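Structure data follow from my_file.cif (mmCIF, C-alpha atoms):
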```cif
data_structure
#
loop_
_atom_site.label_atom_id
_atom_site.label_comp_id
_atom_site.auth_asym_id
_atom_site.auth_seq_id
_atom_site.Cartn_x
_atom_site.Cartn_y
_atom_site.Cartn_z
CA MET A 1 -8.67 16.61 -12.94
CA PRO A 2 -6.89 17.20 -9.61
CA PHE A 3 -3.12 16.81 -9.66
CA ILE A 4 -0.51 17.88 -7.15
CA THR A 5 2.96 18.54 -8.50
CA ASN A 6 5.93 17.51 -6.40
CA LYS A 7 8.35 20.26 -7.41
CA THR A 8 10.99 19.13 -4.91
CA ALA A 9 11.57 15.86 -6.77
CA LYS A 10 14.58 15.55 -9.08
CA GLU A 11 12.12 14.98 -11.91
CA GLN A 12 8.83 16.86 -11.68
CA VAL A 13 6.04 14.46 -10.77
CA ASP A 14 2.30 15.06 -11.08
CA ILE A 15 0.32 13.01 -8.58
CA PHE A 16 -3.36 12.37 -9.28
CA TYR A 17 -5.67 12.26 -6.29
CA GLU A 18 -9.34 12.11 -5.35
CA ASP A 19 -10.66 14.02 -2.34
CA TYR A 20 -14.08 13.25 -0.88
CA GLY A 21 -15.99 14.14 2.26
CA SER A 22 -15.07 16.40 5.16
CA GLY A 23 -13.68 16.03 8.64
CA GLN A 24 -10.41 14.49 9.79
CA PRO A 25 -8.34 13.57 6.70
CA VAL A 26 -7.60 9.92 5.93
CA ILE A 27 -5.00 9.33 3.19
CA LEU A 28 -5.09 5.97 1.41
CA ILE A 29 -1.85 4.65 -0.14
CA HIS A 30 -2.38 1.73 -2.50
CA GLY A 31 -0.41 -1.46 -2.99
CA TRP A 32 1.64 -2.83 -5.89
CA PRO A 33 0.91 -3.07 -8.81
CA LEU A 34 -2.50 -1.36 -8.66
CA SER A 35 -3.80 2.19 -8.11
CA ARG A 36 -6.09 4.22 -5.88
CA LYS A 37 -8.99 2.26 -7.39
CA SER A 38 -8.10 -0.73 -5.22
CA TRP A 39 -9.60 1.14 -2.24
CA GLU A 40 -13.12 1.05 -3.75
CA GLN A 41 -14.65 -0.83 -0.82
CA GLN A 42 -13.07 1.47 1.77
CA VAL A 43 -13.48 5.00 0.33
CA TRP A 44 -17.28 5.11 0.54
CA LYS A 45 -17.28 3.73 4.07
CA ILE A 46 -14.68 6.20 5.33
CA VAL A 47 -16.64 9.13 3.86
CA GLU A 48 -19.95 7.77 5.12
CA GLU A 49 -18.51 7.60 8.65
CA GLY A 50 -17.68 11.30 8.65
CA PHE A 51 -14.09 11.51 7.48
CA ARG A 52 -12.38 13.27 4.59
CA CYS A 53 -10.90 10.58 2.35
CA ILE A 54 -7.99 11.25 0.00
CA ALA A 55 -6.78 8.47 -2.28
CA TYR A 56 -3.94 8.99 -4.73
CA ASP A 57 -2.00 7.14 -7.42
CA ARG A 58 1.65 6.40 -6.70
CA ARG A 59 4.02 7.85 -9.29
CA GLY A 60 4.10 5.57 -12.34
CA PHE A 61 0.68 4.09 -11.60
CA GLY A 62 -2.92 5.01 -12.31
CA THR A 63 -3.27 8.54 -13.66
CA SER A 64 -0.11 9.97 -12.08
CA SER A 65 2.88 10.82 -14.24
CA SER A 66 5.71 8.36 -14.79
CA PRO A 67 9.22 9.75 -14.31
CA TRP A 68 12.11 7.58 -15.42
CA GLY A 69 14.12 7.70 -12.22
CA GLU A 70 13.62 7.60 -8.46
CA TYR A 71 11.26 4.96 -7.22
CA ASP A 72 12.95 4.45 -3.87
CA TYR A 73 10.88 4.95 -0.73
CA SER A 74 12.21 8.40 0.10
CA ALA A 75 11.11 9.61 -3.35
CA LEU A 76 7.69 8.02 -2.84
CA ALA A 77 7.36 9.52 0.64
CA GLY A 78 8.25 12.87 -0.89
CA ASP A 79 5.15 12.62 -3.07
CA LEU A 80 3.03 11.89 0.00
CA ASN A 81 4.55 14.91 1.71
CA ALA A 82 3.74 17.09 -1.31
CA ILE A 83 0.07 16.08 -0.99
CA ILE A 84 -0.02 16.74 2.75
CA GLU A 85 1.64 20.14 2.39
CA LYS A 86 -0.29 21.30 -0.69
CA LEU A 87 -3.64 20.41 0.89
CA ASP A 88 -2.35 21.74 4.25
CA LEU A 89 -3.51 18.60 6.03
CA LYS A 90 -3.24 18.44 9.79
CA ASP A 91 -4.15 15.68 12.24
CA ALA A 92 -4.11 13.29 9.28
CA ILE A 93 -4.34 9.51 9.34
CA ILE A 94 -2.13 7.74 6.79
CA VAL A 95 -3.15 4.24 5.69
CA GLY A 96 -0.81 2.07 3.63
CA PHE A 97 -1.75 -1.20 1.96
CA SER A 98 1.00 -3.74 1.19
CA MET A 99 3.81 -1.74 -0.46
CA GLY A 100 2.08 1.41 0.79
CA GLY A 101 3.13 0.58 4.32
CA GLY A 102 6.63 1.57 3.28
CA GLU A 103 5.51 5.09 2.44
CA VAL A 104 3.87 5.34 5.86
CA VAL A 105 7.05 4.43 7.73
CA ARG A 106 9.44 6.36 5.46
CA TYR A 107 7.24 9.45 5.66
CA LEU A 108 7.44 9.35 9.46
CA THR A 109 11.21 8.81 9.21
CA ASP A 110 11.82 11.65 6.75
CA TYR A 111 9.17 14.19 7.79
CA GLY A 112 8.13 13.34 11.33
CA SER A 113 4.64 13.18 12.81
CA SER A 114 3.71 16.85 13.32
CA ARG A 115 0.89 16.56 10.77
CA ILE A 116 0.01 12.94 11.52
CA ALA A 117 -2.42 11.72 14.20
CA LYS A 118 -2.45 7.99 13.43
CA ALA A 119 -1.23 5.41 10.94
CA ALA A 120 -2.46 2.07 9.64
CA LEU A 121 -0.62 -0.79 7.95
CA ILE A 122 -2.95 -3.10 6.00
CA SER A 123 -1.47 -6.35 4.58
CA SER A 124 1.76 -4.39 4.77
CA ILE A 125 5.26 -5.39 3.72
CA ILE A 126 6.62 -3.71 6.86
CA PRO A 127 9.26 -4.31 8.08
CA LEU A 128 11.00 -6.66 5.60
CA VAL A 129 9.94 -8.96 2.77
CA LYS A 130 13.22 -10.65 1.84
CA GLN A 131 14.47 -13.74 3.62
CA LYS A 132 17.72 -13.20 5.49
CA SER A 133 19.60 -15.10 8.17
CA ASP A 134 17.90 -12.90 10.77
CA ASN A 135 14.57 -12.94 8.88
CA PRO A 136 14.08 -16.66 8.14
CA ASP A 137 10.35 -16.38 7.43
CA GLY A 138 10.88 -13.92 4.57
CA VAL A 139 10.51 -14.61 0.86
CA PRO A 140 13.62 -16.30 -0.60
CA GLU A 141 15.74 -14.06 -2.80
CA ASP A 142 15.47 -16.53 -5.70
CA ALA A 143 11.68 -16.14 -5.67
CA LEU A 144 11.96 -12.35 -5.63
CA ASN A 145 14.49 -12.41 -8.48
CA GLY A 146 12.09 -14.63 -10.40
CA ILE A 147 9.42 -11.92 -10.20
CA ILE A 148 11.79 -9.34 -11.69
CA VAL A 149 12.82 -11.70 -14.49
CA ALA A 150 9.16 -12.45 -15.26
CA LEU A 151 8.32 -8.73 -15.34
CA GLN A 152 11.21 -8.04 -17.70
CA LYS A 153 10.35 -10.94 -19.98
CA ASP A 154 6.54 -10.80 -20.06
CA ARG A 155 5.17 -8.16 -17.72
CA VAL A 156 1.53 -8.47 -18.71
CA GLY A 157 1.73 -12.26 -18.66
CA PHE A 158 3.01 -12.16 -15.09
CA LEU A 159 0.40 -9.62 -14.02
CA LYS A 160 -2.39 -11.71 -15.53
CA GLU A 161 -1.68 -14.47 -13.02
CA PHE A 162 -0.45 -12.41 -10.08
CA SER A 163 -3.78 -11.46 -8.56
CA LYS A 164 -4.85 -15.09 -8.24
CA GLY A 165 -2.30 -15.46 -5.47
CA PHE A 166 -3.19 -12.00 -4.19
CA TYR A 167 -6.69 -13.25 -3.36
CA ASN A 168 -6.04 -16.99 -2.83
CA TYR A 169 -8.39 -17.27 -5.76
CA ASP A 170 -8.94 -21.03 -5.76
CA GLU A 171 -10.23 -20.88 -2.18
CA ASN A 172 -12.19 -17.61 -2.48
CA LYS A 173 -13.53 -17.48 -6.04
CA GLY A 174 -17.22 -16.85 -6.41
CA GLU A 175 -18.13 -16.10 -2.82
CA ARG A 176 -15.41 -13.55 -1.98
CA VAL A 177 -13.78 -12.58 -5.28
CA SER A 178 -15.01 -12.75 -8.87
CA GLU A 179 -13.20 -13.44 -12.11
CA ALA A 180 -14.22 -9.92 -13.12
CA GLN A 181 -12.18 -8.57 -10.19
CA LEU A 182 -9.12 -10.36 -11.56
CA ASP A 183 -9.78 -8.80 -14.97
CA TYR A 184 -10.20 -5.37 -13.39
CA ASP A 185 -6.93 -5.67 -11.49
CA PHE A 186 -5.16 -6.82 -14.63
CA THR A 187 -6.42 -3.80 -16.56
CA ILE A 188 -5.20 -1.41 -13.85
CA ALA A 189 -1.82 -3.11 -13.43
CA SER A 190 -1.11 -3.58 -17.13
CA PHE A 191 -1.49 0.14 -17.85
CA ALA A 192 1.04 1.13 -15.19
CA SER A 193 4.49 2.23 -16.30
CA PRO A 194 6.65 -0.85 -17.02
CA ARG A 195 9.67 0.84 -15.45
CA ALA A 196 7.72 1.95 -12.38
CA THR A 197 6.35 -1.56 -11.95
CA ILE A 198 9.84 -3.05 -11.84
CA GLN A 199 11.56 -0.26 -9.88
CA THR A 200 8.91 -0.14 -7.16
CA ALA A 201 9.03 -3.93 -6.93
CA LEU A 202 12.75 -3.69 -6.24
CA SER A 203 12.00 -1.14 -3.51
CA TRP A 204 9.46 -3.26 -1.65
CA MET A 205 11.52 -6.40 -2.10
CA HIS A 206 14.78 -5.09 -0.71
CA THR A 207 14.10 -2.18 1.66
CA ASP A 208 14.66 -3.13 5.30
CA PHE A 209 12.51 -0.96 7.57
CA ARG A 210 13.40 -2.65 10.85
CA SER A 211 15.61 0.20 12.02
CA GLU A 212 12.86 2.71 11.16
CA LEU A 213 10.08 1.20 13.26
CA LYS A 214 11.17 3.39 16.17
CA ASN A 215 10.13 6.41 14.10
CA VAL A 216 6.50 5.29 14.13
CA THR A 217 5.48 7.15 17.27
CA VAL A 218 1.76 7.67 16.53
CA PRO A 219 -0.98 5.13 17.35
CA THR A 220 -0.79 2.52 14.59
CA LEU A 221 -3.24 -0.12 13.42
CA ILE A 222 -1.77 -3.30 11.93
CA VAL A 223 -4.15 -5.61 10.04
CA HIS A 224 -3.12 -8.80 8.26
CA GLY A 225 -4.74 -11.98 7.02
CA ASP A 226 -3.38 -15.21 8.46
CA ALA A 227 -3.75 -16.84 5.02
CA ASP A 228 -1.66 -14.21 3.22
CA ALA A 229 0.41 -16.11 0.69
CA THR A 230 1.91 -12.96 -0.87
CA VAL A 231 3.38 -11.26 2.23
CA PRO A 232 3.86 -13.84 4.99
CA ILE A 233 2.40 -12.66 8.29
CA GLU A 234 5.40 -13.88 10.29
CA THR A 235 7.82 -11.58 8.49
CA SER A 236 5.48 -8.60 8.30
CA ALA A 237 2.60 -7.86 10.66
CA LYS A 238 3.90 -9.93 13.56
CA GLN A 239 7.29 -8.20 13.50
CA ALA A 240 5.72 -4.80 12.91
CA ALA A 241 3.46 -5.23 15.94
CA GLU A 242 6.47 -6.15 18.06
CA GLY A 243 8.53 -3.22 16.79
CA ILE A 244 5.98 -0.39 16.80
CA LYS A 245 5.40 0.84 20.33
CA TYR A 246 1.84 2.16 20.08
CA SER A 247 0.33 -0.52 17.84
CA THR A 248 -2.98 -2.37 17.71
CA TYR A 249 -2.63 -5.73 15.97
CA GLU A 250 -5.62 -7.39 14.29
CA VAL A 251 -5.48 -10.72 12.44
CA VAL A 252 -8.28 -11.53 10.02
CA LYS A 253 -8.81 -15.28 10.05
CA GLY A 254 -8.63 -16.98 6.66
CA ALA A 255 -7.97 -13.72 4.81
CA PRO A 256 -5.50 -13.50 1.91
CA HIS A 257 -3.31 -10.56 0.95
CA GLY A 258 -6.08 -8.70 -0.85
CA LEU A 259 -8.41 -8.71 2.15
CA ASN A 260 -9.62 -5.22 1.25
CA VAL A 261 -11.56 -6.98 -1.52
CA THR A 262 -12.23 -10.44 -0.09
CA HIS A 263 -13.02 -9.36 3.48
CA PRO A 264 -14.18 -5.73 3.17
CA ASP A 265 -16.75 -5.86 5.96
CA GLU A 266 -14.23 -7.25 8.43
CA LEU A 267 -11.53 -4.77 7.40
CA ASN A 268 -13.88 -1.77 7.37
CA LYS A 269 -15.18 -2.57 10.84
CA ILE A 270 -11.64 -2.75 12.24
CA LEU A 271 -10.46 0.35 10.35
CA ILE A 272 -13.42 2.58 11.21
CA SER A 273 -13.22 1.60 14.86
CA PHE A 274 -9.56 2.63 14.89
CA LEU A 275 -10.23 5.89 13.07
CA LYS A 276 -12.88 6.85 15.61
CA LYS A 277 -10.85 6.07 18.74
#
```
Would you mind writing the file out in structure tokens?
Amino acid sequence: MPFITNKTAKEQVDIFYEDYGSGQPVILIHGWPLSRKSWEQQVWKIVEEGFRCIAYDRRGFGTSSSPWGEYDYSALAGDLNAIIEKLDLKDAIIVGFSMGGGEVVRYLTDYGSSRIAKAALISSIIPLVKQKSDNPDGVPEDALNGIIVALQKDRVGFLKEFSKGFYNYDENKGERVSEAQLDYDFTIASFASPRATIQTALSWMHTDFRSELKNVTVPTLIVHGDADATVPIETSAKQAAEGIKYSTYEVVKGAPHGLNVTHPDELNKILISFLKK
């Protein structure tokens, strides 16, 4: 199986990846608490449209190894850099979903854009999740702390219910998302490293990327659902679009956080159009 080892990390990390197709490389960075498998409805379309598609598992998730320490965004961006350098990717397009948007921005902060042609933020947490006096639309700290407590007390119990909100399940069940999809997500999430699940949650909850938006100097697609109950659009996509100079902002009407599953046709049309520009 293909692994890339990040030997520059404090603890050696083996990152599992899948590499399909040929052409301009598109790197898919998954959200929390899933794996590369969450991109199922996008991988085939990207390859079919003539691109090389690389999807990988974040450290601690999927098939990648699970170090004990270092789940901050610079460590995670270091793993992305290891992939880009090992595969000698140039003119690449990096696409981050939810938490993965943080790797996109931190990569551009830490490593620059010499190998990057474009970026995309899908249902992204960028620039800031937590509610603050200057970010009133963010998620209250008590609610974020409640997630950590729930993960520490009964991680699998929390994860069993989490994806219902991810997909606005009551509104979308049957037509846009199945109960089997919830079961699939639960299986993926429950087998992730317990420590990685909590430490990466702390990273996406508390990292403030507002000062780093200036480092996103490549053309950037921002896509968000206006019914996202997990990452409010006002504190994420709207602010990101205002702060990233060369951005294209697309709102998917009625879409929840997990729009890659519930609205794949709409997302794929927007994404492929951007990739081909």
Residues matched by the PyMOL selection byres ((chain A and resi 27) around 7), written as a VMD selection string: chain A and resid 25 to 26 28 to 29 53 to 55 93 to 95
Written as a list in words, which residues does the PyMOL selection byres ((chain A and resi 61) around 7) give for the file shown?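 Evaluating the PyMOL selection byres ((chain A and resi 61) around 7) on these coordinates yields Leu34, Ser35, Asp57, Arg58, Arg59, Gly60, Gly62, Thr63, Ser64, Ala192 and Ser193 of chain A.
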Can you turn the PyMOL selection byres ((chain A and resi 218-228) around 8) into a concrete residue list for this file, as a tab-separated table (two decimals) with C-alpha atoms, keeping the file's coordinate frame?
```tsv
chain	number	residue	atom	x	y	z
A	113	SER	CA	4.64	13.18	12.81
A	116	ILE	CA	0.01	12.94	11.52
A	117	ALA	CA	-2.42	11.72	14.20
A	118	LYS	CA	-2.45	7.99	13.43
A	119	ALA	CA	-1.23	5.41	10.94
A	120	ALA	CA	-2.46	2.07	9.64
A	121	LEU	CA	-0.62	-0.79	7.95
A	122	ILE	CA	-2.95	-3.10	6.00
A	123	SER	CA	-1.47	-6.35	4.58
A	124	SER	CA	1.76	-4.39	4.77
A	166	PHE	CA	-3.19	-12.00	-4.19
A	168	ASN	CA	-6.04	-16.99	-2.83
A	216	VAL	CA	6.50	5.29	14.13
A	217	THR	CA	5.48	7.15	17.27
A	229	ALA	CA	0.41	-16.11	0.69
A	230	THR	CA	1.91	-12.96	-0.87
A	231	VAL	CA	3.38	-11.26	2.23
A	232	PRO	CA	3.86	-13.84	4.99
A	233	ILE	CA	2.40	-12.66	8.29
A	237	ALA	CA	2.60	-7.86	10.66
A	240	ALA	CA	5.72	-4.80	12.91
A	241	ALA	CA	3.46	-5.23	15.94
A	244	ILE	CA	5.98	-0.39	16.80
A	246	TYR	CA	1.84	2.16	20.08
A	247	SER	CA	0.33	-0.52	17.84
A	248	THR	CA	-2.98	-2.37	17.71
A	249	TYR	CA	-2.63	-5.73	15.97
A	250	GLU	CA	-5.62	-7.39	14.29
A	251	VAL	CA	-5.48	-10.72	12.44
A	252	VAL	CA	-8.28	-11.53	10.02
A	253	LYS	CA	-8.81	-15.28	10.05
A	254	GLY	CA	-8.63	-16.98	6.66
A	255	ALA	CA	-7.97	-13.72	4.81
A	256	PRO	CA	-5.50	-13.50	1.91
A	257	HIS	CA	-3.31	-10.56	0.95
A	259	LEU	CA	-8.41	-8.71	2.15
A	267	LEU	CA	-11.53	-4.77	7.40
A	271	LEU	CA	-10.46	0.35	10.35
A	274	PHE	CA	-9.56	2.63	14.89
```
Identify, on the basis of all atoms listed in the file, every residue whose closest approach to Glu141 in chain A does not exceed 9 Å; exclude the query and any residue fewer than 3 positions from it along the same chain; express the result as a PDB file with C-alpha atoms, keeping the file's coordinate frame.
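And here's result_29.pdb as it stands now:
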```pdb
ATOM      1  CA  LYS A 130      13.220 -10.650   1.840  1.00  0.00           C
ATOM      2  CA  GLN A 131      14.470 -13.740   3.620  1.00  0.00           C
ATOM      3  CA  LYS A 132      17.720 -13.200   5.490  1.00  0.00           C
ATOM      4  CA  GLY A 138      10.880 -13.920   4.570  1.00  0.00           C
ATOM      5  CA  LEU A 144      11.960 -12.350  -5.630  1.00  0.00           C
ATOM      6  CA  ASN A 145      14.490 -12.410  -8.480  1.00  0.00           C
ATOM      7  CA  GLY A 146      12.090 -14.630 -10.400  1.00  0.00           C
ATOM      8  CA  MET A 205      11.520  -6.400  -2.100  1.00  0.00           C
TER       9      MET A 205
END
```
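The closest residue to His263 in chain A, picked from A:Leu213, A:Val177, A:Val139, A:Ala201 and counting only C-alpha atoms, is A:Val177.
Here CA of Lys45 in chain A stands at a distance of 11.9 Å from CA of Ile270 in chain A.
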Quick check, in Å to one decimal: how far apart do CA of Pro264 in chain A and CA of Gly21 in chain A lie?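 Separation between CA of Pro264 in chain A and CA of Gly21 in chain A: 20.0 Å.
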For CA of His206 in chain A and CA of Phe158 in chain A, quote the distance in Å rounded to one decimal.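 Going from CA of His206 in chain A over to CA of Phe158 in chain A, I get 19.9 Å.
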Exercise: residues within 12 Å of coordinate (-1.1, -14.2, -17.4), counting all atoms listed in the file, as JSON, numbers by chain: {"A": [150, 151, 154, 155, 156, 157, 158, 159, 160, 161, 162, 163, 164, 182, 183, 185, 186, 187, 189, 190]}
Arg52 in chain A environment, 8 Å, all atoms listed in the file, sequence neighbours closer than 5 positions dropped, as an mmCIF file with C-alpha atoms, in the frame of the given file:
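Heads up, here's the output in part_19.cif:
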```cif
data_model
loop_
_atom_site.group_PDB
_atom_site.id
_atom_site.type_symbol
_atom_site.label_atom_id
_atom_site.label_comp_id
_atom_site.auth_asym_id
_atom_site.auth_seq_id
_atom_site.Cartn_x
_atom_site.Cartn_y
_atom_site.Cartn_z
ATOM 1 C CA ASP A 19 -10.660 14.020 -2.340
ATOM 2 C CA TYR A 20 -14.080 13.250 -0.880
ATOM 3 C CA GLY A 21 -15.990 14.140 2.260
ATOM 4 C CA SER A 22 -15.070 16.400 5.160
ATOM 5 C CA GLY A 23 -13.680 16.030 8.640
ATOM 6 C CA GLN A 24 -10.410 14.490 9.790
ATOM 7 C CA PRO A 25 -8.340 13.570 6.700
ATOM 8 C CA VAL A 26 -7.600 9.920 5.930
ATOM 9 C CA ILE A 46 -14.680 6.200 5.330
ATOM 10 C CA VAL A 47 -16.640 9.130 3.860
#
```
So that I can see what lies close to Thr8 in chain A, please list as a count of residues only the residues with an atom at most 10 Å from it, counting all atoms listed in the file and leaving out residues fewer than 3 positions away in the same chain. 8
Set up a box along x, y and z of the file covering all listed atoms of range 230-249 of chain A, add 6 Å on every one of the six sides, and write the centre and edge lengths in Å to one decimal, as JSON.
```
{"center_x": 2.8, "center_y": -5.9, "center_z": 9.7, "size_x": 23.5, "size_y": 28.0, "size_z": 33.2}
```
File output, range 65-78 of chain A (N, CA, C and O atoms) as a compact mmCIF listing (two decimals), in the first residue's frame:
```txt
# COMPACT_ATOMS: atom_id res chain seq x y z
N SER A 65 -0.58 6.46 10.09
CA SER A 65 -0.13 6.14 11.44
C SER A 65 -0.59 7.21 12.43
O SER A 65 -1.00 8.30 12.04
N SER A 66 -0.52 6.86 13.71
CA SER A 66 -1.09 7.71 14.76
C SER A 66 -0.05 8.06 15.81
O SER A 66 0.06 7.39 16.84
N PRO A 67 0.73 9.11 15.58
CA PRO A 67 1.69 9.53 16.60
C PRO A 67 0.96 10.04 17.83
O PRO A 67 -0.22 10.40 17.75
N TRP A 68 1.65 10.11 18.94
CA TRP A 68 1.01 10.59 20.16
C TRP A 68 0.91 12.10 20.17
O TRP A 68 -0.09 12.68 20.56
N GLY A 69 1.96 12.77 19.73
CA GLY A 69 2.00 14.22 19.83
C GLY A 69 1.78 14.91 18.50
O GLY A 69 1.64 14.29 17.45
N GLU A 70 1.70 16.24 18.56
CA GLU A 70 1.68 17.11 17.40
C GLU A 70 0.50 16.91 16.44
O GLU A 70 0.60 16.21 15.44
N TYR A 71 -0.59 17.54 16.80
CA TYR A 71 -1.74 17.60 15.90
C TYR A 71 -2.14 19.05 15.64
O TYR A 71 -3.28 19.33 15.27
N ASP A 72 -1.19 19.96 15.82
CA ASP A 72 -1.46 21.35 15.48
C ASP A 72 -1.37 21.50 13.96
O ASP A 72 -0.89 20.62 13.24
N TYR A 73 -1.82 22.64 13.45
CA TYR A 73 -1.93 22.80 12.01
C TYR A 73 -0.58 22.85 11.29
O TYR A 73 -0.48 22.44 10.14
N SER A 74 0.45 23.33 11.93
CA SER A 74 1.75 23.32 11.27
C SER A 74 2.26 21.89 11.09
O SER A 74 2.87 21.56 10.06
N ALA A 75 2.00 21.02 12.07
CA ALA A 75 2.37 19.61 11.93
C ALA A 75 1.58 18.97 10.79
O ALA A 75 2.12 18.20 9.99
N LEU A 76 0.29 19.27 10.73
CA LEU A 76 -0.56 18.69 9.68
C LEU A 76 -0.15 19.21 8.31
O LEU A 76 -0.13 18.45 7.33
N ALA A 77 0.16 20.49 8.22
CA ALA A 77 0.63 21.05 6.95
C ALA A 77 1.97 20.45 6.55
O ALA A 77 2.26 20.31 5.35
N GLY A 78 2.77 20.07 7.52
CA GLY A 78 4.04 19.41 7.24
C GLY A 78 3.83 18.08 6.54
O GLY A 78 4.62 17.69 5.66
```
